[in-house]
$ cat model31.txt   # compact mmCIF, C-alpha atoms
# COMPACT_ATOMS: atom_id res chain seq x y z
CA MET D 1213 72.51 103.61 83.34
CA SER D 1214 75.62 104.58 85.27
CA ARG D 1215 77.58 107.29 83.47
CA ILE D 1216 80.79 106.44 85.29
CA GLY D 1217 80.32 102.72 84.67
CA LYS D 1218 79.98 103.24 80.90
CA LYS D 1219 83.24 105.17 80.53
CA PRO D 1220 86.05 103.04 79.09
CA VAL D 1221 89.36 102.85 80.95
CA THR D 1222 92.54 103.16 78.90
CA ILE D 1223 95.20 100.61 79.82
CA PRO D 1224 98.78 101.85 79.35
CA LYS D 1225 101.46 99.66 77.78
CA GLY D 1226 102.94 97.08 80.16
CA VAL D 1227 99.86 96.86 82.42
CA THR D 1228 98.00 93.54 82.40
CA LEU D 1229 94.84 92.39 84.16
CA HIS D 1230 94.23 89.16 86.02
CA GLU D 1231 92.93 86.35 83.79
CA GLU D 1232 89.87 85.73 85.96
CA MET D 1233 88.54 89.27 85.61
CA GLN D 1234 85.24 89.31 83.70
CA LEU D 1235 85.64 92.58 81.82
CA ALA D 1236 85.15 93.45 78.17
CA LEU D 1237 88.67 94.11 76.87
CA ASP D 1238 89.16 95.82 73.51
CA LYS D 1239 92.81 96.47 72.50
CA ASP D 1240 94.01 98.81 75.28
CA GLN D 1241 90.64 99.66 76.88
CA PHE D 1242 88.13 97.78 78.97
CA THR D 1243 84.53 98.38 79.85
CA VAL D 1244 82.41 97.06 82.70
CA ALA D 1245 78.95 95.71 81.94
CA ARG D 1246 76.27 94.88 84.49
CA PRO D 1247 74.00 91.82 84.23
CA SER D 1248 70.72 93.60 85.07
CA ASP D 1249 69.17 96.92 86.04
CA GLU D 1250 68.66 96.00 89.69
CA GLN D 1251 69.57 98.70 92.19
CA LYS D 1252 72.42 96.59 93.56
CA HIS D 1253 73.93 96.13 90.10
CA LYS D 1254 73.55 99.82 89.31
CA ALA D 1255 75.43 100.71 92.49
CA LEU D 1256 78.22 98.22 91.79
CA HIS D 1257 78.60 99.24 88.14
CA GLY D 1258 80.34 102.59 88.69
CA LEU D 1259 82.12 101.31 91.79
CA THR D 1260 83.72 98.42 89.92
CA ARG D 1261 84.88 100.64 87.08
CA THR D 1262 86.39 103.19 89.49
CA LEU D 1263 88.15 100.53 91.56
CA VAL D 1264 89.71 98.99 88.44
CA GLN D 1265 90.69 102.47 87.18
CA ASN D 1266 92.43 103.11 90.52
CA MET D 1267 94.25 99.78 90.22
CA VAL D 1268 95.48 100.66 86.72
CA ASP D 1269 96.53 104.16 87.85
CA GLY D 1270 98.31 102.71 90.88
CA VAL D 1271 100.33 100.26 88.82
CA SER D 1272 101.20 102.78 86.11
CA LYS D 1273 101.63 106.05 88.07
CA GLY D 1274 101.24 105.26 91.76
CA PHE D 1275 99.57 107.28 94.50
CA SER D 1276 101.07 109.55 97.13
CA LYS D 1277 100.01 111.58 100.15
CA SER D 1278 102.13 114.27 101.76
CA LEU D 1279 102.12 115.20 105.43
CA GLU D 1280 103.84 118.05 107.23
CA ILE D 1281 104.94 118.19 110.85
CA GLN D 1282 104.67 121.48 112.73
CA GLY D 1283 105.92 122.17 116.22
CA VAL D 1284 109.16 123.03 117.99
CA GLY D 1285 111.28 119.89 118.22
CA TYR D 1286 108.85 117.80 116.18
CA LYS D 1287 110.52 115.75 113.47
CA ALA D 1288 110.45 112.51 111.54
CA GLU D 1289 113.30 110.16 110.63
CA ALA D 1290 113.07 107.65 107.79
CA LYS D 1291 114.11 104.16 108.86
CA ALA D 1292 114.39 100.82 107.05
CA TYR D 1293 111.15 99.58 108.66
CA GLY D 1294 109.16 102.80 108.07
CA VAL D 1295 109.45 106.04 110.01
CA ASN D 1296 110.37 107.20 113.50
CA LEU D 1297 108.28 110.15 114.75
CA ILE D 1298 109.41 112.51 117.49
CA VAL D 1299 106.31 114.57 118.25
CA GLY D 1300 106.41 115.69 121.86
CA TYR D 1301 105.93 112.38 123.65
CA SER D 1302 108.45 111.04 126.17
CA HIS D 1303 109.48 108.44 123.60
CA PRO D 1304 109.82 108.32 119.80
CA VAL D 1305 106.91 106.66 117.99
CA LYS D 1306 107.94 103.89 115.60
CA TYR D 1307 105.65 103.31 112.63
CA GLU D 1308 106.24 100.19 110.56
CA ALA D 1309 105.11 100.63 106.96
CA PRO D 1310 103.06 97.79 105.46
CA LYS D 1311 104.31 95.89 102.44
CA GLY D 1312 104.06 97.93 99.24
CA ILE D 1313 104.29 101.32 100.97
CA LYS D 1314 107.34 103.60 100.76
CA ILE D 1315 107.72 106.40 103.30
CA SER D 1316 110.26 109.17 102.66
CA VAL D 1317 111.15 112.22 104.76
CA ASP D 1318 112.41 115.61 103.53
CA ASN D 1319 113.86 118.28 105.86
CA ASN D 1320 112.75 116.25 108.93
CA THR D 1321 109.26 117.77 108.67
CA ASN D 1322 107.79 116.64 105.31
CA VAL D 1323 106.66 113.01 105.11
CA LYS D 1324 105.63 111.46 101.79
CA VAL D 1325 103.71 108.17 101.64
CA GLU D 1326 103.80 106.40 98.26
CA GLY D 1327 102.39 103.16 96.92
CA ALA D 1328 100.27 101.45 94.27
CA ASP D 1329 97.16 100.83 96.42
CA LYS D 1330 95.16 104.04 96.83
CA GLU D 1331 93.28 102.79 99.89
CA LEU D 1332 96.43 101.63 101.67
CA VAL D 1333 98.28 104.90 100.96
CA GLY D 1334 95.39 106.87 102.46
CA GLN D 1335 95.17 104.54 105.45
CA VAL D 1336 98.89 104.84 106.24
CA ALA D 1337 98.73 108.64 105.92
CA ALA D 1338 95.73 108.72 108.27
CA GLU D 1339 97.50 106.50 110.81
CA LEU D 1340 100.58 108.74 110.75
CA ARG D 1341 98.39 111.82 111.21
CA SER D 1342 96.59 110.18 114.14
CA VAL D 1343 99.87 109.85 116.09
CA ARG D 1344 99.65 113.60 116.83
CA PRO D 1345 96.72 115.36 115.07
CA PRO D 1346 97.00 119.15 114.76
CA GLU D 1347 95.69 120.91 117.82
CA PRO D 1348 93.58 124.07 117.44
CA TYR D 1349 95.44 126.44 119.79
CA LYS D 1350 99.01 126.50 118.49
CA GLY D 1351 98.54 124.32 115.40
CA LYS D 1352 101.22 121.83 116.44
CA GLY D 1353 100.98 118.30 115.12
CA ILE D 1354 100.96 116.26 111.92
CA ARG D 1355 98.71 117.46 109.10
CA TYR D 1356 98.17 116.86 105.41
CA VAL D 1357 99.91 119.32 103.09
CA GLY D 1358 97.41 122.06 102.35
CA GLU D 1359 95.10 121.12 105.25
CA HIS D 1360 93.62 124.13 107.01
CA VAL D 1361 93.42 123.83 110.79
CA ARG D 1362 90.83 126.07 112.40
CA ARG D 1363 92.53 128.02 115.16
CA LYS D 1364 90.91 128.93 118.47
CA ALA D 1365 91.60 131.90 120.70
CA GLY D 1366 93.39 131.09 123.94
CA LYS D 1367 92.28 131.93 127.46
CA THR D 1368 91.92 135.57 128.39
CA GLY D 1369 92.98 136.83 131.80
CA ALA D 1370 90.21 137.67 134.33
CA LYS D 1371 90.33 141.15 135.85

$ encode --input "model31.txt" --output "structure tokens"
Amino acid sequence: MSRIGKKPVTIPKGVTLHEEMQLALDKDQFTVARPSDEQKHKALHGLTRTLVQNMVDGVSKGFSKSLEIQGVGYKAEAKAYGVNLIVGYSHPVKYEAPKGIKISVDNNTNVKVEGADKELVGQVAAELRSVRPPEPYKGKGIRYVGEHVRRKAGKTGAK
């Protein structure tokens, strides 16, 4: 029996579920039950519960990812469509945020991605990071807050 799948999820006030969802709802909690003990159902049991828990958390609290930009002259500008990144290319990189995602910029170097969908927030943060990933020699680029970038030693002169 899945331990994660058996845990009830508490639903905060003001959060409702879709009518077609087949979940056992008791007052402000719901539980997920599986039809059989097949391997496929066992695998989906905990997954379903976690996905619904993430949906409830997203609607009630929301999710966020923070990125930081390092490098001389590297910066980000919040725009109505998303964000404009200036990260060492000959042109600024425009990133249009998908519907439901809010991108904010602090001090031109800290970018915060917020939204209700955990997967979409992570995807947008990964796409922003992929515009200029941190490089290992000087550490310039876009990285997650708290991400450690392994540094390499540069070339040494031949004598």

$ residues_around --input "model31.txt" --residues "Ile1354 in chain D" --least-positions-apart "3" --cutoff "12 Å" --atoms "all atoms listed in the file" --output "JSON, numbers by chain"
{"D": [1278, 1279, 1280, 1281, 1282, 1283, 1286, 1287, 1288, 1297, 1298, 1299, 1300, 1321, 1322, 1323, 1337, 1338, 1339, 1340, 1341, 1342, 1343, 1344, 1345, 1346, 1347, 1351, 1357, 1358, 1359, 1360, 1361]}

$ atom_distance --input "model31.txt" --atom1 "CA of Ser1316 in chain D" --atom2 "CA of Arg1355 in chain D"
15.6 Å

$ atom_distance --input "model31.txt" --atom1 "CA of Val1325 in chain D" --atom2 "CA of Arg1362 in chain D"
24.5 Å

$ atom_distance --input "model31.txt" --atom1 "CA of Ile1216 in chain D" --atom2 "CA of Gly1258 in chain D"
5.2 Å

$ closest_residue --input "model31.txt" --among "D:His1303, D:Lys1254, D:Pro1220, D:Arg1363" --to "Lys1350 in chain D" --atoms "only C-alpha atoms"
D:Arg1363

$ closest_residue --input "model31.txt" --among "D:Tyr1349, D:Tyr1301, D:Phe1275, D:Thr1368" --to "Glu1331 in chain D" --atoms "only C-alpha atoms"
D:Phe1275

$ residues_around --input "model31.txt" --residues "Pro1247 in chain D" --least-positions-apart "2" --cutoff "12 Å" --atoms "all atoms listed in the file" --output "PyMOL selection string"
chain D and resi 1213+1234-1235+1244-1245+1249-1254+1256-1257

$ residues_around --input "model31.txt" --residues "Leu1259 in chain D" --least-positions-apart "4" --cutoff "8 Å" --atoms "all atoms listed in the file" --output "list in words"
Gly1217, Ala1255 and Leu1263 of chain D

$ closest_residue --input "model31.txt" --among "D:Ile1223, D:Arg1261, D:Val1333, D:Val1295" --to "Asp1318 in chain D" --atoms "all atoms listed in the file"
D:Val1295

$ closest_residue --input "model31.txt" --among "D:Ala1292, D:Gly1334, D:Lys1367, D:Val1284" --to "Gly1353 in chain D" --atoms "only C-alpha atoms"
D:Val1284

$ decode --input "model31.txt" --residues "range 1352-1370 of chain D" --atoms "N, CA, C and O atoms" --output "PDB file, in the first residue's frame"
ATOM      1  N   LYS D1352      29.873  33.491 -14.750  1.00  0.00           N
ATOM      2  CA  LYS D1352      28.877  34.403 -15.306  1.00  0.00           C
ATOM      3  C   LYS D1352      27.702  33.622 -15.861  1.00  0.00           C
ATOM      4  O   LYS D1352      27.851  32.513 -16.355  1.00  0.00           O
ATOM      5  N   GLY D1353      26.510  34.219 -15.760  1.00  0.00           N
ATOM      6  CA  GLY D1353      25.328  33.586 -16.324  1.00  0.00           C
ATOM      7  C   GLY D1353      24.143  33.688 -15.391  1.00  0.00           C
ATOM      8  O   GLY D1353      24.163  34.411 -14.400  1.00  0.00           O
ATOM      9  N   ILE D1354      23.091  32.945 -15.717  1.00  0.00           N
ATOM     10  CA  ILE D1354      21.858  32.939 -14.931  1.00  0.00           C
ATOM     11  C   ILE D1354      21.812  31.629 -14.162  1.00  0.00           C
ATOM     12  O   ILE D1354      21.956  30.556 -14.747  1.00  0.00           O
ATOM     13  N   ARG D1355      21.614  31.726 -12.851  1.00  0.00           N
ATOM     14  CA  ARG D1355      21.564  30.531 -12.006  1.00  0.00           C
ATOM     15  C   ARG D1355      20.435  30.639 -11.006  1.00  0.00           C
ATOM     16  O   ARG D1355      19.918  31.719 -10.756  1.00  0.00           O
ATOM     17  N   TYR D1356      20.039  29.496 -10.450  1.00  0.00           N
ATOM     18  CA  TYR D1356      19.046  29.491  -9.387  1.00  0.00           C
ATOM     19  C   TYR D1356      19.681  30.075  -8.131  1.00  0.00           C
ATOM     20  O   TYR D1356      20.882  29.930  -7.919  1.00  0.00           O
ATOM     21  N   VAL D1357      18.873  30.712  -7.289  1.00  0.00           N
ATOM     22  CA  VAL D1357      19.392  31.232  -6.024  1.00  0.00           C
ATOM     23  C   VAL D1357      19.825  30.042  -5.177  1.00  0.00           C
ATOM     24  O   VAL D1357      19.085  29.087  -4.993  1.00  0.00           O
ATOM     25  N   GLY D1358      21.037  30.086  -4.686  1.00  0.00           N
ATOM     26  CA  GLY D1358      21.573  29.001  -3.875  1.00  0.00           C
ATOM     27  C   GLY D1358      22.256  27.902  -4.670  1.00  0.00           C
ATOM     28  O   GLY D1358      22.833  26.983  -4.088  1.00  0.00           O
ATOM     29  N   GLU D1359      22.218  27.968  -6.006  1.00  0.00           N
ATOM     30  CA  GLU D1359      22.869  26.954  -6.834  1.00  0.00           C
ATOM     31  C   GLU D1359      24.378  27.126  -6.766  1.00  0.00           C
ATOM     32  O   GLU D1359      24.906  28.229  -6.892  1.00  0.00           O
ATOM     33  N   HIS D1360      25.079  26.038  -6.566  1.00  0.00           N
ATOM     34  CA  HIS D1360      26.541  26.065  -6.527  1.00  0.00           C
ATOM     35  C   HIS D1360      27.077  25.691  -7.904  1.00  0.00           C
ATOM     36  O   HIS D1360      26.725  24.647  -8.443  1.00  0.00           O
ATOM     37  N   VAL D1361      27.908  26.547  -8.450  1.00  0.00           N
ATOM     38  CA  VAL D1361      28.517  26.288  -9.762  1.00  0.00           C
ATOM     39  C   VAL D1361      29.962  25.886  -9.528  1.00  0.00           C
ATOM     40  O   VAL D1361      30.734  26.623  -8.922  1.00  0.00           O
ATOM     41  N   ARG D1362      30.309  24.695  -9.989  1.00  0.00           N
ATOM     42  CA  ARG D1362      31.669  24.194  -9.816  1.00  0.00           C
ATOM     43  C   ARG D1362      32.605  24.985 -10.721  1.00  0.00           C
ATOM     44  O   ARG D1362      32.409  25.039 -11.939  1.00  0.00           O
ATOM     45  N   ARG D1363      33.608  25.584 -10.113  1.00  0.00           N
ATOM     46  CA  ARG D1363      34.539  26.422 -10.857  1.00  0.00           C
ATOM     47  C   ARG D1363      35.738  25.615 -11.316  1.00  0.00           C
ATOM     48  O   ARG D1363      36.203  24.704 -10.641  1.00  0.00           O
ATOM     49  N   LYS D1364      36.263  25.978 -12.491  1.00  0.00           N
ATOM     50  CA  LYS D1364      37.442  25.328 -13.038  1.00  0.00           C
ATOM     51  C   LYS D1364      38.608  26.306 -13.025  1.00  0.00           C
ATOM     52  O   LYS D1364      38.405  27.527 -13.096  1.00  0.00           O
ATOM     53  N   ALA D1365      39.800  25.788 -12.985  1.00  0.00           N
ATOM     54  CA  ALA D1365      40.985  26.629 -13.074  1.00  0.00           C
ATOM     55  C   ALA D1365      41.184  27.013 -14.537  1.00  0.00           C
ATOM     56  O   ALA D1365      40.919  26.228 -15.447  1.00  0.00           O
ATOM     57  N   GLY D1366      41.674  28.218 -14.761  1.00  0.00           N
ATOM     58  CA  GLY D1366      41.913  28.681 -16.125  1.00  0.00           C
ATOM     59  C   GLY D1366      43.199  28.102 -16.688  1.00  0.00           C
ATOM     60  O   GLY D1366      43.863  27.268 -16.068  1.00  0.00           O
ATOM     61  N   LYS D1367      43.563  28.567 -17.871  1.00  0.00           N
ATOM     62  CA  LYS D1367      44.797  28.104 -18.501  1.00  0.00           C
ATOM     63  C   LYS D1367      45.994  28.609 -17.712  1.00  0.00           C
ATOM     64  O   LYS D1367      45.983  29.680 -17.129  1.00  0.00           O
ATOM     65  N   THR D1368      47.061  27.845 -17.732  1.00  0.00           N
ATOM     66  CA  THR D1368      48.309  28.297 -17.128  1.00  0.00           C
ATOM     67  C   THR D1368      49.301  28.556 -18.249  1.00  0.00           C
ATOM     68  O   THR D1368      49.288  27.871 -19.275  1.00  0.00           O
ATOM     69  N   GLY D1369      50.145  29.539 -18.068  1.00  0.00           N
ATOM     70  CA  GLY D1369      51.102  29.898 -19.114  1.00  0.00           C
ATOM     71  C   GLY D1369      52.205  28.851 -19.242  1.00  0.00           C
ATOM     72  O   GLY D1369      52.717  28.330 -18.262  1.00  0.00           O
ATOM     73  N   ALA D1370      52.604  28.535 -20.482  1.00  0.00           N
ATOM     74  CA  ALA D1370      53.692  27.573 -20.731  1.00  0.00           C
ATOM     75  C   ALA D1370      55.024  28.312 -20.655  1.00  0.00           C
ATOM     76  O   ALA D1370      55.162  29.422 -21.146  1.00  0.00           O
TER      77      ALA D1370
END
